[in-house]
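Just my_file_6.txt here, compact mmCIF, C-alpha atoms and all ligand atoms:
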```txt
# COMPACT_ATOMS: atom_id res chain seq x y z
CA MET J 281 120.47 175.39 123.82
CA ARG J 282 120.36 172.47 126.23
CA PHE J 283 119.47 169.08 124.70
CA LEU J 284 118.80 165.52 125.84
CA VAL J 285 119.56 162.83 123.25
CA THR J 286 118.05 159.44 124.13
CA GLY J 287 119.88 156.58 122.43
CA GLY J 288 122.78 159.04 122.47
CA ALA J 289 125.51 156.39 122.38
CA GLY J 290 124.09 154.83 119.21
CA PHE J 291 125.11 155.36 115.60
CA ILE J 292 122.89 158.37 114.81
CA GLY J 293 122.58 159.57 118.42
CA ALA J 294 126.33 159.92 118.94
CA ALA J 295 126.85 161.68 115.60
CA LEU J 296 124.04 164.09 116.49
CA ALA J 297 125.25 164.67 120.06
CA ASN J 298 128.81 165.31 118.86
CA ARG J 299 127.66 167.83 116.22
CA LEU J 300 125.45 169.64 118.76
CA ALA J 301 128.35 169.82 121.24
CA ALA J 302 130.70 171.04 118.49
CA GLU J 303 128.21 173.82 117.75
CA GLY J 304 128.42 174.94 121.38
CA HIS J 305 125.23 173.44 122.80
CA GLU J 306 124.98 171.68 126.16
CA VAL J 307 124.23 168.03 125.50
CA ARG J 308 123.12 165.20 127.77
CA ALA J 309 122.98 161.67 126.40
CA LEU J 310 120.99 158.75 127.80
CA ASP J 311 121.56 155.18 126.60
CA ASP J 312 121.22 151.73 128.16
CA LEU J 313 124.18 150.53 126.06
CA SER J 314 122.24 147.56 124.75
CA ALA J 315 123.70 148.55 121.38
CA GLY J 316 125.52 151.85 121.95
CA ASP J 317 129.09 152.75 122.80
CA PRO J 318 129.68 155.85 124.97
CA SER J 319 133.36 156.07 123.98
CA ARG J 320 132.26 157.64 120.67
CA LEU J 321 130.88 160.67 122.54
CA HIS J 322 132.90 163.88 122.85
CA ALA J 323 134.18 164.58 126.38
CA ASP J 324 131.93 167.66 126.70
CA ILE J 325 128.80 165.50 126.52
CA SER J 326 127.29 164.39 129.81
CA PHE J 327 126.54 160.68 129.44
CA THR J 328 124.14 158.71 131.67
CA ARG J 329 123.61 155.00 131.38
CA GLY J 330 119.95 154.14 131.84
CA ASP J 331 116.70 152.87 130.43
CA VAL J 332 114.43 155.21 128.52
CA ASN J 333 111.52 153.81 130.51
CA ASP J 334 113.09 155.03 133.80
CA ILE J 335 110.92 158.09 134.53
CA PRO J 336 112.79 159.34 137.64
CA LYS J 337 116.04 159.27 135.67
CA LEU J 338 114.36 161.17 132.85
CA TRP J 339 113.07 163.80 135.30
CA THR J 340 116.63 164.45 136.46
CA LEU J 341 118.07 164.57 132.96
CA LEU J 342 115.32 166.83 131.63
CA GLN J 343 115.84 169.68 134.10
CA GLY J 344 116.44 172.84 132.05
CA VAL J 345 116.30 170.98 128.72
CA GLU J 346 114.63 172.82 125.82
CA CYS J 347 114.55 170.06 123.24
CA VAL J 348 114.67 166.26 123.40
CA TYR J 349 115.91 164.15 120.54
CA HIS J 350 114.27 160.79 121.11
CA LEU J 351 116.29 158.06 119.37
CA ALA J 352 116.47 155.24 121.96
CA ALA J 353 114.94 152.23 120.25
CA ARG J 354 115.35 148.68 119.08
CA VAL J 355 116.19 149.18 115.42
CA SER J 356 116.01 146.01 113.33
CA VAL J 357 113.02 145.27 111.10
CA SER J 358 113.87 141.56 110.91
CA GLU J 359 114.60 141.20 114.64
CA SER J 360 111.27 142.86 115.44
CA MET J 361 109.49 139.92 113.76
CA LEU J 362 111.02 137.68 116.45
CA TYR J 363 110.57 139.96 119.49
CA PRO J 364 107.55 142.21 118.88
CA ARG J 365 106.87 142.59 122.62
CA ASP J 366 110.36 144.01 123.22
CA TYR J 367 109.96 146.40 120.31
CA ASN J 368 106.64 147.56 121.69
CA ALA J 369 108.05 148.03 125.20
CA VAL J 370 111.09 150.06 124.14
CA ASN J 371 109.92 151.88 121.03
CA VAL J 372 106.34 152.64 122.05
CA GLY J 373 106.56 152.45 125.85
CA GLY J 374 109.83 154.37 125.88
CA THR J 375 108.31 157.14 123.76
CA VAL J 376 105.35 157.47 126.10
CA ALA J 377 107.73 157.58 129.07
CA VAL J 378 109.76 160.37 127.46
CA LEU J 379 106.59 162.36 126.73
CA GLU J 380 105.28 161.96 130.30
CA ALA J 381 108.60 163.02 131.78
CA MET J 382 108.78 165.98 129.37
CA ARG J 383 105.35 167.11 130.47
CA ASP J 384 106.39 166.91 134.13
CA ALA J 385 109.66 168.75 133.51
CA GLY J 386 108.13 171.40 131.22
CA VAL J 387 110.24 170.63 128.13
CA ARG J 388 109.17 172.55 125.01
CA ARG J 389 109.99 170.33 122.00
CA VAL J 390 110.68 166.71 121.07
CA VAL J 391 112.11 165.45 117.79
CA LEU J 392 111.42 161.74 117.21
CA SER J 393 113.56 159.56 114.96
CA SER J 394 110.77 157.75 113.16
CA SER J 395 111.37 155.68 110.05
CA GLY J 396 110.58 155.46 106.35
CA ALA J 397 109.55 151.88 107.20
CA VAL J 398 106.12 153.19 108.26
CA TYR J 399 105.17 153.58 104.57
CA GLY J 400 105.44 149.87 103.82
CA GLU J 401 104.36 148.88 100.31
CA GLN J 402 102.96 151.82 98.30
CA ALA J 403 101.67 151.96 94.71
CA THR J 404 103.86 154.93 93.76
CA GLN J 405 107.22 156.47 94.53
CA PRO J 406 108.59 158.73 95.89
CA LEU J 407 107.01 158.34 99.31
CA HIS J 408 105.19 161.45 100.45
CA GLU J 409 104.21 162.18 104.05
CA ASP J 410 100.49 162.40 103.13
CA MET J 411 100.39 158.77 101.96
CA LEU J 412 98.50 156.35 104.18
CA PRO J 413 101.14 154.37 106.12
CA ASP J 414 101.20 150.61 105.65
CA PRO J 415 103.65 149.26 108.24
CA ARG J 416 104.80 145.70 107.49
CA SER J 417 106.75 144.82 110.64
CA PRO J 418 106.47 145.29 114.41
CA TYR J 419 109.33 147.79 114.09
CA ALA J 420 107.36 149.88 111.59
CA VAL J 421 104.20 149.60 113.70
CA SER J 422 106.14 150.77 116.76
CA LYS J 423 107.44 153.84 114.93
CA LEU J 424 103.99 154.73 113.62
CA ALA J 425 102.55 154.34 117.14
CA ALA J 426 105.31 156.56 118.52
CA GLU J 427 104.43 159.23 115.94
CA GLY J 428 100.80 158.99 117.04
CA TYR J 429 101.71 159.44 120.71
CA LEU J 430 103.81 162.48 119.87
CA ARG J 431 100.97 164.13 118.02
CA VAL J 432 98.25 163.36 120.54
CA MET J 433 100.19 164.05 123.73
CA GLY J 434 101.69 167.14 122.12
CA ILE J 435 98.20 168.53 121.59
CA ARG J 436 97.01 167.49 125.05
CA TRP J 437 100.04 168.69 126.96
CA GLY J 438 101.03 171.69 124.84
CA MET J 439 104.40 170.40 123.68
CA GLU J 440 105.96 170.97 120.25
CA THR J 441 106.45 167.66 118.47
CA VAL J 442 107.94 166.61 115.15
CA SER J 443 108.62 163.14 113.74
CA LEU J 444 111.41 162.68 111.22
CA ARG J 445 110.94 159.64 108.99
CA ILE J 446 114.55 158.72 108.46
CA PHE J 447 115.29 156.36 105.56
CA ASN J 448 118.35 154.04 105.41
CA ALA J 449 121.10 155.89 107.25
CA TYR J 450 124.71 154.73 106.88
CA GLY J 451 128.23 155.93 107.58
CA PRO J 452 131.23 155.37 109.84
CA GLY J 453 130.42 153.87 113.22
CA GLN J 454 127.19 152.14 112.27
CA GLN J 455 126.40 149.18 114.52
CA LEU J 456 127.31 145.80 113.10
CA PRO J 457 125.67 143.21 115.35
CA ALA J 458 126.20 139.52 114.61
CA ALA J 459 122.48 139.03 114.03
CA HIS J 460 120.31 141.31 111.85
CA PRO J 461 123.02 143.80 110.80
CA PRO J 462 122.14 146.83 108.64
CA VAL J 463 122.80 146.28 104.95
CA ILE J 464 125.73 148.61 104.15
CA PRO J 465 128.17 147.72 106.95
CA SER J 466 127.16 144.09 106.54
CA PHE J 467 127.95 144.12 102.81
CA LEU J 468 131.22 145.97 103.46
CA ARG J 469 132.29 143.39 106.00
CA HIS J 470 131.46 140.46 103.74
CA ALA J 471 133.11 142.12 100.76
CA LEU J 472 136.33 142.75 102.67
CA ARG J 473 136.43 139.18 103.91
CA GLY J 474 136.03 137.95 100.34
CA GLY J 475 132.78 136.11 101.04
CA SER J 476 129.64 136.09 98.93
CA LEU J 477 127.04 138.77 99.49
CA VAL J 478 123.76 137.00 100.13
CA ILE J 479 120.86 138.85 98.51
CA ASN J 480 117.29 138.04 99.49
CA GLY J 481 115.29 138.06 96.25
CA ASP J 482 116.61 139.26 92.89
CA GLY J 483 118.33 142.44 94.10
CA ALA J 484 115.83 144.69 92.35
CA GLN J 485 114.32 145.95 95.61
CA THR J 486 115.21 149.57 96.25
CA ARG J 487 116.04 151.69 99.28
CA ASP J 488 116.92 155.33 99.91
CA TYR J 489 120.40 155.52 101.50
CA ILE J 490 121.30 158.71 103.35
CA TYR J 491 124.73 159.52 104.71
CA ILE J 492 124.96 160.16 108.47
CA ASP J 493 126.14 163.79 108.16
CA ASP J 494 123.04 164.64 106.13
CA VAL J 495 120.77 162.93 108.69
CA VAL J 496 122.34 165.01 111.47
CA THR J 497 121.95 168.24 109.48
CA ALA J 498 118.22 167.62 109.06
CA MET J 499 117.80 166.69 112.73
CA ILE J 500 119.52 169.84 113.91
CA ALA J 501 117.24 171.98 111.73
CA ALA J 502 114.23 170.29 113.32
CA ALA J 503 115.11 171.61 116.79
CA THR J 504 114.43 175.22 115.84
CA ALA J 505 112.41 175.21 112.60
CA VAL J 506 109.13 177.11 112.95
CA GLY J 507 105.73 175.96 111.74
CA ILE J 508 106.54 172.24 111.91
CA ASP J 509 104.63 171.46 115.06
CA ARG J 510 102.90 168.03 115.03
CA THR J 511 104.19 167.19 111.57
CA VAL J 512 106.04 164.26 110.04
CA ILE J 513 108.92 164.98 107.66
CA ASN J 514 110.92 162.60 105.45
CA VAL J 515 114.70 162.58 105.84
CA GLY J 516 116.33 160.69 102.98
CA SER J 517 118.55 161.21 99.97
CA GLY J 518 115.69 161.31 97.47
CA VAL J 519 117.60 158.75 95.37
CA GLU J 520 116.24 155.25 94.78
CA THR J 521 119.00 152.62 94.75
CA SER J 522 118.51 148.92 94.05
CA VAL J 523 120.44 146.32 96.01
CA ASN J 524 122.21 145.38 92.78
CA ASP J 525 123.27 149.03 92.27
CA LEU J 526 124.39 149.19 95.90
CA ILE J 527 126.65 146.17 95.35
CA THR J 528 128.18 147.82 92.31
CA ALA J 529 128.76 151.03 94.29
CA ILE J 530 130.37 149.13 97.18
CA GLY J 531 132.60 147.31 94.70
CA SER J 532 133.72 150.68 93.31
CA ALA J 533 134.35 152.09 96.80
CA LEU J 534 136.52 149.07 97.67
CA GLY J 535 138.13 148.83 94.25
CA LYS J 536 137.20 145.17 93.80
CA PRO J 537 134.33 143.32 92.12
CA LEU J 538 131.87 141.60 94.43
CA SER J 539 130.08 138.30 94.02
CA PRO J 540 126.41 138.36 95.02
CA LEU J 541 124.59 135.14 95.84
CA TYR J 542 120.85 135.35 95.21
CA VAL J 543 118.52 133.49 97.57
CA ARG J 544 115.34 133.86 95.60
CA ASN J 545 112.89 132.23 97.96
CA GLN J 546 113.71 134.68 100.78
CA ASP J 547 111.60 137.73 101.52
CA GLY J 548 113.53 140.84 100.56
CA GLY J 549 111.12 143.10 102.42
CA VAL J 550 109.29 146.09 100.98
CA SER J 551 109.96 146.28 97.22
CA ARG J 552 110.67 150.02 96.79
CA MET J 553 111.56 152.96 99.00
CA CYS J 554 112.48 156.49 98.00
CA ALA J 555 111.82 159.63 100.02
CA ASP J 556 109.96 162.63 98.67
CA LEU J 557 112.02 165.50 100.06
CA ARG J 558 109.83 168.50 99.15
CA ARG J 559 108.60 168.90 102.72
CA ALA J 560 112.11 168.58 104.17
CA ALA J 561 113.30 171.26 101.73
CA ASP J 562 110.39 173.62 102.42
CA TRP J 563 110.10 173.18 106.18
CA LEU J 564 113.64 172.33 107.29
CA GLY J 565 115.60 174.00 104.47
CA PHE J 566 117.19 170.56 104.04
CA THR J 567 118.82 169.16 100.93
CA PRO J 568 121.15 166.17 101.17
CA LYS J 569 124.75 166.94 100.23
CA ILE J 570 126.54 163.60 100.09
CA GLY J 571 125.75 161.08 97.37
CA LEU J 572 126.14 157.31 97.72
CA ALA J 573 129.56 157.02 96.06
CA GLU J 574 131.00 159.80 98.24
CA GLY J 575 129.28 158.46 101.38
CA LEU J 576 130.61 154.93 100.82
CA ALA J 577 134.11 156.29 100.17
CA ARG J 578 133.97 158.23 103.46
CA THR J 579 132.64 155.19 105.32
CA VAL J 580 135.49 153.03 104.05
CA ALA J 581 138.06 155.74 104.77
CA HIS J 582 136.86 156.78 108.23
CA ASP J 583 135.54 153.59 109.82
CA PRO J 584 138.52 151.69 111.24
CA ARG J 585 136.74 148.36 110.78
CA PHE J 586 136.73 148.88 107.01
CA ALA J 587 139.69 151.21 106.46
CA PHE J 588 142.03 148.73 108.13
CA ALA J 589 140.81 145.75 106.13
CA ALA J 590 140.72 147.69 102.86
CA LYS J 591 144.49 148.35 102.91
P1 LIG P 601 121.45 152.30 117.24
O1 LIG P 601 121.06 150.92 117.67
O2 LIG P 601 122.87 152.58 116.97
O3 LIG P 601 120.91 153.37 118.30
C1 LIG P 601 119.85 153.12 119.20
C2 LIG P 601 120.40 153.35 120.59
O4 LIG P 601 119.31 153.19 121.52
C3 LIG P 601 121.48 152.33 120.97
O5 LIG P 601 122.65 153.01 121.38
C4 LIG P 601 120.86 151.53 122.12
O6 LIG P 601 121.83 151.16 123.09
C5 LIG P 601 119.84 152.53 122.66
N1 LIG P 601 118.73 151.88 123.36
C6 LIG P 601 118.04 150.78 122.98
N2 LIG P 601 117.11 150.47 123.91
C7 LIG P 601 117.21 151.42 124.88
C8 LIG P 601 116.54 151.64 126.10
N3 LIG P 601 115.55 150.82 126.51
N4 LIG P 601 116.91 152.69 126.88
C9 LIG P 601 117.92 153.52 126.48
N5 LIG P 601 118.60 153.35 125.33
C10 LIG P 601 118.25 152.31 124.54
O7 LIG P 601 120.57 152.64 115.95
P2 LIG P 601 120.56 153.95 115.05
O8 LIG P 601 120.68 153.49 113.66
O9 LIG P 601 121.49 154.97 115.59
O10 LIG P 601 119.07 154.45 115.24
C11 LIG P 601 118.75 155.56 116.07
C12 LIG P 601 117.27 155.88 115.91
O11 LIG P 601 116.99 156.23 114.55
C13 LIG P 601 116.34 154.75 116.26
O12 LIG P 601 115.19 155.29 116.86
C14 LIG P 601 115.98 154.16 114.91
O13 LIG P 601 114.73 153.51 114.94
C15 LIG P 601 115.94 155.42 114.08
N6 LIG P 601 116.14 155.16 112.66
C16 LIG P 601 117.34 154.69 112.21
C17 LIG P 601 117.51 154.46 110.86
C18 LIG P 601 118.82 153.95 110.30
O14 LIG P 601 118.88 153.70 109.10
N7 LIG P 601 119.88 153.82 111.09
C19 LIG P 601 116.45 154.68 109.97
C20 LIG P 601 115.24 155.14 110.48
C21 LIG P 601 115.10 155.39 111.82
```
Would you put the structure from the file into structure tokens?
Amino acid sequence: MRFLVTGGAGFIGAALANRLAAEGHEVRALDDLSAGDPSRLHADISFTRGDVNDIPKLWTLLQGVECVYHLAARVSVSESMLYPRDYNAVNVGGTVAVLEAMRDAGVRRVVLSSSGAVYGEQATQPLHEDMLPDPRSPYAVSKLAAEGYLRVMGIRWGMETVSLRIFNAYGPGQQLPAAHPPVIPSFLRHALRGGSLVINGDGAQTRDYIYIDDVVTAMIAAATAVGIDRTVINVGSGVETSVNDLITAIGSALGKPLSPLYVRNQDGGVSRMCADLRRAADWLGFTPKIGLAEGLARTVAHDPRFAFAAK
């Protein structure tokens, strides 16, 4: 098949594009490089630098494409509190631009990388797709709005759409920006430097961490699965891990005890998150393969930023 991956030079986008290319597909990647790095893409992948809101560029890239993976986005919950307009422009506006260009180019299917963040605070766990979303940040609102555009424009314009609510993905190559870094590479970096790990709250808040290879496996299934049109599907590990348990697991992966520093008056975000994976199993044939201990060990071994420092 021929694919376009927007955000294709990012953490998940590059892993996805590389797996698709390795499986013999023709892959085009679009990324404005605001956070991505095209050097991580296999030489067979055709990379174009550009903005996901650039419709003429999308028209060109979409010629002959059968499925779009739409990942281009601003990705930090905490940063979105500071720049909601930017998050709206890229995450919502960019999704609408992709859908309009797909309509014009006659593309059949789009797979959106939505987020488990859309659930917000719920009374029960695990989080099932039928629960009423309760987004708690501009980032989460932008993902829920993007899901809505997929569903509505898909119906109106006769395109197949599916939104994957990805939970906390991690693995080698994850971005580590100076401000608002994701939790696992941030903790690894601090741990290797011997500094304290600053925990917002008491460390009891939970997340569902899913290794990058498992995320990619689920995404690839979504390109061809039948009967999933206009649906949302969770992509997580199905395991609920507290921040305190994560610190213990990182300590084990690095072979050294870590010293958390609790900042109790800080907001630790949503209190619990764990994906219900029944739909992913039934509709995508997806079950995660790599547990947290194995995933952390692979991250430390295969990411040069951590493997080097860990020696
Ligand atoms: P990432 O920052 O590595 O990837 C996003 C990519 O989009 C970057 O390469 C960035 O340069 C690109 N981009 C940003 N604005 C753009 C624009 N205007 N035009 C073109 N490209 C642009 O983050 P990631 O973790 O790989 O996330 C990929 C997708 O998965 C995002 O949509 C994110 O919201 C979603 N997601 C990620 C996670 C996670 O845990 N990593 C969880 C849920 C959902």
For this session: Quick one: everything within 10 Å of Val442 of chain J, counting all atoms listed in the file, minus sequence neighbours fewer than 5 positions away in the same chain. Send it as a VMD selection string.
Result: chain J and resid 349 389 to 394 427 430 to 431 434 502 to 503 508 to 513
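The gap separating atom CA of Ala449 of chain J from atom CA of Cys347 of chain J is 22.3 Å, in Å to one decimal.
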Problem set entry | Surroundings of ligand LIG 601 (chain P) up to 6 Å, based on all atoms listed in the file, as a PyMOL selection string | chain J and resi 287+289-293+311-316+330-332+351-355+370+393-395+446-449+455
Prev. selection, C-alpha atoms, output as a compact mmCIF listing (two decimals), in the coordinates of the input:
```txt
# COMPACT_ATOMS: atom_id res chain seq x y z
CA GLY J 287 119.88 156.58 122.43
CA ALA J 289 125.51 156.39 122.38
CA GLY J 290 124.09 154.83 119.21
CA PHE J 291 125.11 155.36 115.60
CA ILE J 292 122.89 158.37 114.81
CA GLY J 293 122.58 159.57 118.42
CA ASP J 311 121.56 155.18 126.60
CA ASP J 312 121.22 151.73 128.16
CA LEU J 313 124.18 150.53 126.06
CA SER J 314 122.24 147.56 124.75
CA ALA J 315 123.70 148.55 121.38
CA GLY J 316 125.52 151.85 121.95
CA GLY J 330 119.95 154.14 131.84
CA ASP J 331 116.70 152.87 130.43
CA VAL J 332 114.43 155.21 128.52
CA LEU J 351 116.29 158.06 119.37
CA ALA J 352 116.47 155.24 121.96
CA ALA J 353 114.94 152.23 120.25
CA ARG J 354 115.35 148.68 119.08
CA VAL J 355 116.19 149.18 115.42
CA VAL J 370 111.09 150.06 124.14
CA SER J 393 113.56 159.56 114.96
CA SER J 394 110.77 157.75 113.16
CA SER J 395 111.37 155.68 110.05
CA ILE J 446 114.55 158.72 108.46
CA PHE J 447 115.29 156.36 105.56
CA ASN J 448 118.35 154.04 105.41
CA ALA J 449 121.10 155.89 107.25
CA GLN J 455 126.40 149.18 114.52
```
Exercise. Interatomic distance between atom CA of Glu401 of chain J and atom CA of Val550 of chain J?
Worked result: 5.7 Å
Seminar exercise, completed: The distance between atom CA of Tyr367 of chain J and atom CA of Asn333 of chain J is 12.7 Å
Can you tell me, as a compact mmCIF listing (two decimals) with C-alpha atoms, in the frame of the given file, which residues sit within 9 Å of (114.0, 144.5, 109.9) in the file's frame, using all atoms listed in the file?
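As written to disk, point.txt reads:
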```txt
# COMPACT_ATOMS: atom_id res chain seq x y z
CA VAL J 355 116.19 149.18 115.42
CA SER J 356 116.01 146.01 113.33
CA VAL J 357 113.02 145.27 111.10
CA SER J 358 113.87 141.56 110.91
CA GLU J 359 114.60 141.20 114.64
CA SER J 360 111.27 142.86 115.44
CA MET J 361 109.49 139.92 113.76
CA SER J 417 106.75 144.82 110.64
CA PRO J 418 106.47 145.29 114.41
CA TYR J 419 109.33 147.79 114.09
CA ALA J 420 107.36 149.88 111.59
CA HIS J 460 120.31 141.31 111.85
CA PRO J 462 122.14 146.83 108.64
CA GLY J 549 111.12 143.10 102.42
```
For this session: Find the spatial neighbours of Asp562 of chain J, counting only C-alpha atoms, within a cut-off of 12 Å - ignore same-chain residues fewer than 2 positions away - and output them as a list in words.
Result: Ala498, Ala501, Ala505, Val506, Gly507, Ile508, Ile513, Asn514, Asp556, Leu557, Arg558, Arg559, Ala560, Leu564, Gly565, Phe566 and Thr567 of chain J
For this session: Mind checking which residues fall within 7 Å of segment 518-532 of chain J, counting all atoms listed in the file, ignoring those fewer than 5 positions away in the same chain, and posting them as a list in words?
Result: Gly483, Ala484, Gln485, Thr486, Arg487, Asp488, Pro537, Leu538, Met553, Cys554, Ala555, Asp556, Leu557, Ala573 and Leu576 of chain J
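For the residues J:Arg585, J:Arg552, J:Arg383, J:Arg416, ranking by smallest atom-to-atom distance to Trp339 of chain J using only C-alpha atoms places J:Arg383 first.
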For this session: Could you tell me which of J:Leu338, J:Val307, J:Val378, J:Ala301 comes closest to Val285 of chain J if we count only C-alpha atoms?
Result: J:Val307
For this session: Using all atoms listed in the file, determine which residues lie at most 7 Å from Ala309 of chain J, disregarding the query and same-chain residues fewer than 2 positions distant; provide the list as a list of chain:residue names.
Result: J:Leu284, J:Val285, J:Thr286, J:Gly288, J:Val307, J:Asp311, J:Ile325, J:Ser326, J:Phe327, J:Thr328
The selected residues should be written to file as a PDB file, in the coordinates of the input (atoms: C-alpha atoms).
```pdb
ATOM      1  CA  LEU J 284     118.800 165.520 125.840  1.00  0.00           C
ATOM      2  CA  VAL J 285     119.560 162.830 123.250  1.00  0.00           C
ATOM      3  CA  THR J 286     118.050 159.440 124.130  1.00  0.00           C
ATOM      4  CA  GLY J 288     122.780 159.040 122.470  1.00  0.00           C
ATOM      5  CA  VAL J 307     124.230 168.030 125.500  1.00  0.00           C
ATOM      6  CA  ASP J 311     121.560 155.180 126.600  1.00  0.00           C
ATOM      7  CA  ILE J 325     128.800 165.500 126.520  1.00  0.00           C
ATOM      8  CA  SER J 326     127.290 164.390 129.810  1.00  0.00           C
ATOM      9  CA  PHE J 327     126.540 160.680 129.440  1.00  0.00           C
ATOM     10  CA  THR J 328     124.140 158.710 131.670  1.00  0.00           C
TER      11      THR J 328
END
```
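Using all atoms listed in the file, the contacts of His305 of chain J at a cut-off of 8 Å, with sequence neighbours closer than 4 positions omitted, comprise Met281, Arg282, Phe283, Leu300 and Ala301 of chain J.
Nearest residue to Val515 of chain J, choosing from J:Leu444, J:Leu362, J:Leu572, J:Val543 and counting all atoms listed in the file: J:Leu444.
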Seminar exercise, completed: For Pro452 of chain J, the closest of J:Met382, J:Val421, J:Ala377, J:Leu468 counting only C-alpha atoms is J:Leu468
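If only C-alpha atoms are the atoms counted, then among J:Pro540, J:Gly451, J:Gly373, J:Gly516 the closest residue to Ala295 of chain J is J:Gly451.
Of the listed residues J:Lys423, J:Arg578, J:Lys536, J:Arg365, the one whose atoms come nearest to Ala397 of chain J is J:Lys423, with distances taken using all atoms listed in the file.
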